[in-house]
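A.B. asks: Structure in structure tokens, see below.
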Amino acid sequence: MASGGEGLDDISPDWTGASLVDLTSPELAKSNTSTLDSGEDFEVLDNDEEEEEGRDEDLSGLPPLEDVPRNDGRETAASQPPAPEDAEETPEWVDVLGSGLLKKKVIVAGQGPETRPVKSQDVTVRLKTMLQDGTVVEENPSLTFTLGDCDVIQALDLCIQLMEMGETALIISDAKYCFGRQGRSPDIPPDSSLELEVELLSAQDAPDLELLSGKEKIELANRKRERGNFHYQRADYVLAINSYDIALKIIGSSSKVDFTQEEEEALVDVKMKCLNNLAASQLKLDHYDAALRSCNQVLEQQPDNIKALFRKGKVLAQQGEYREAIPILKAALKLEPSNKTIHTELSKLAKKHADQKCVETEMYRKMLGNPSGPTAKCKDKSSRSIPWKWLFGATAVALGGVALSVVIAARN
């Protein structure tokens, strides 16, 4: 992979028109000459998508990584809706999560609880998706995905675990476990609850990663990575991290099959993309230490990867480590001198670093009892926050001065 300089023209159709399990990447806007000039915070993911400005929104409404209780498929009496008169002939609704937001009922019985699929198996279903008014927005006679990997909407991922082989079920889900506040243009409006008619056709163990050919491993890792990009574009950063982690586990798994040199290089390329995108997701969630580790893993193999350098500089800046961040951003700028995003970020950090030094100087002046007043440059900045490292150092100097004075006084 060309370090940080890869083009942005190798993209897939817009995710807003994707199916429930479309693993293709979202479409980027028109590519610029710079690989980083893609928004104020440089959130372009490798070859796949562009972060829209103003994405930093409240994450409290995002769907969590929920787990399904492994019960006998029946809810408590208190959570059940009132039973109609012909209750003996009416299928029972199951409140899957106990919140009333995700319900399932059996239309055609399956082959028994022992035939239920488990996480990490590849399942195939027949799927019909409808809006609440009955409008059909999608039909798929044979849909295959890995259960529990967030390859599909959560409503489907959660409910399949409660289905028996051959069972047909109706699922009613709140928008939270479907396409959320964004919906899916043009057929699913924002905040739309959905009805899913699902038939479980088959379930089998996923292929042994050790026996995959180089081509198969690359394709599988790329599918997981692209699903992570899909989640990232929808600001589902937790789900994005989950998908990138799965892709990295696939790439890092041992193999009993020999790969060609081209396949080895392709796997490294996918790994670098996953780590870069993982760092971007971790940065969005303020997981700075984790983001720094992801960037360092890229730079260990590709020291001139401009995206990893930029993100590492961003992480260090967020941690207040301006002295360390500035040379890293300068290194990125040296690789791409015309990049406006790096120029802007570097200018902001240089100003913050100067302010930090000014506050530090003023603090030392006061602690050492210097009678001279603050310089004009620092006069209005003494109220700024002081990094804990400098405060700790200044305290140590002050304590040392006091101890020295005591020793001198004792000798006299």
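Within each chain, counting starts at residue 1; across the structure tokens, chains are named A, B, ... in the order shown, with ligands numbered 1 upward in that order.
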Could I get the residues of segment 227-326 of chain A with an atom no further than 12 Å from an atom of segment 203-209 of chain A, each paired with its nearest atom pair and that distance in Å to one decimal, using only C-alpha atoms, sorted by chain and residue number, as CSV?

C.D. replies:
```
residue,atom,partner,partner_atom,distance
A:Ala247,CA,A:Leu209,CA,11.7
A:Lys249,CA,A:Leu209,CA,9.7
A:Ile250,CA,A:Leu209,CA,7.0
A:Ile251,CA,A:Leu209,CA,9.2
A:Gly252,CA,A:Leu209,CA,9.8
A:Ser253,CA,A:Leu209,CA,6.7
A:Ser254,CA,A:Leu209,CA,7.5
A:Ser255,CA,A:Leu209,CA,7.0
A:Lys256,CA,A:Leu209,CA,9.0
A:Val257,CA,A:Leu209,CA,9.9
```

A.B. asks: Using backbone DSSP assignments, extract all alpha helix (DSSP H) residues from segment 70-271 of chain A; output them as number ranges by chain.

C.D. replies: A: 154-159, 214-233, 237-252, 261-271

A.B. asks: Using only C-alpha atoms, which residues sit within 12 Å of Asp286 of chain A once same-chain residues fewer than 2 positions away are excluded, as a list in words?

C.D. replies: Asp56, Tyr237, Val238, Ala279, Ala280, Ser281, Gln282, Leu283, Lys284, Tyr288, Asp289, Ala290, Ala291, Leu292, Lys314, Val315, Leu316, Gln318 and Gln319 of chain A

A.B. asks: Have a look at A:Ala410, A:Met163, A:Val125, A:Leu309 and name the one nearest to Ser142 of chain A; count only C-alpha atoms.

C.D. replies: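 Ranked by minimum distance to Ser142 of chain A, first place goes to A:Val125.
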
A.B. asks: As a list in words, list the residues of segment 150-340 of chain A assigned to strand (DSSP E) by DSSP on the backbone atoms of this structure.

C.D. replies: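 Residues meeting the strand (DSSP E) criterion: Thr168, Ala169, Leu170, Ile171, Ile172, Ser173, Leu194, Glu195, Leu196, Glu197, Val198, Glu199, Leu200, Leu201, Ser202, Ala203, Gln204 and Asp205 of chain A.
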
A.B. asks: Of the candidates A:Glu197, A:Asp133, A:Asp149, A:Asp157, which one gets nearest to Ile171 of chain A if we count only C-alpha atoms?

C.D. replies: A:Glu197

A.B. asks: Given only C-alpha atoms as the basis, pick out the residue of A:Leu346, A:Cys150, A:Ala317, A:Leu162 nearest to Gly228 of chain A.

C.D. replies: A:Cys150

A.B. asks: Between A:Gln111, A:Asn140, A:Ser213, A:Asn277, single out the one closest to Glu263 of chain A, counting only C-alpha atoms.

C.D. replies: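 The shortest atom-to-atom distance to Glu263 of chain A comes from A:Ser213.
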
A.B. asks: Show me a table, sorted first by chain and then by increasing residue number, of the residues of segment 215-311 of chain A having an atom at most 9 Å from segment 328-334 of chain A, each with its shortest atom pair and the distance in Å to one decimal, counting only C-alpha atoms and written as a tab-separated table.

C.D. replies:
```
residue	atom	partner	partner_atom	distance
A:Asp304	CA	A:Ala332	CA	7.7
A:Asn305	CA	A:Ala332	CA	8.2
A:Ile306	CA	A:Ala332	CA	5.4
A:Lys307	CA	A:Ala332	CA	8.1
A:Ala308	CA	A:Ala332	CA	8.9
A:Leu309	CA	A:Ala332	CA	5.9
A:Phe310	CA	A:Leu329	CA	5.9
A:Arg311	CA	A:Leu329	CA	8.9
```

A.B. asks: Using atom CA of Val106 of chain A and atom CA of Asp191 of chain A as the two end points, give the distance in Å to one decimal.

C.D. replies: 25.5 Å

A.B. asks: Pick the closest to Phe230 of chain A from A:Arg323, A:Arg293, A:Arg184, A:His287: which is it, counting only C-alpha atoms?

C.D. replies: A:Arg184

A.B. asks: Which distance in Å separates atom CA of Lys312 of chain A and atom CA of Cys295 of chain A, to one decimal?

C.D. replies: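 These atoms are spaced 5.9 Å apart.
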
A.B. asks: I'd like to know which of A:Leu131, A:Val198, A:Ile188, A:Val118 is closest to Lys104 of chain A, using only C-alpha atoms.

C.D. replies: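 Going through A:Leu131, A:Val198, A:Ile188, A:Val118 one by one, the smallest distance to Lys104 of chain A is for A:Val198.
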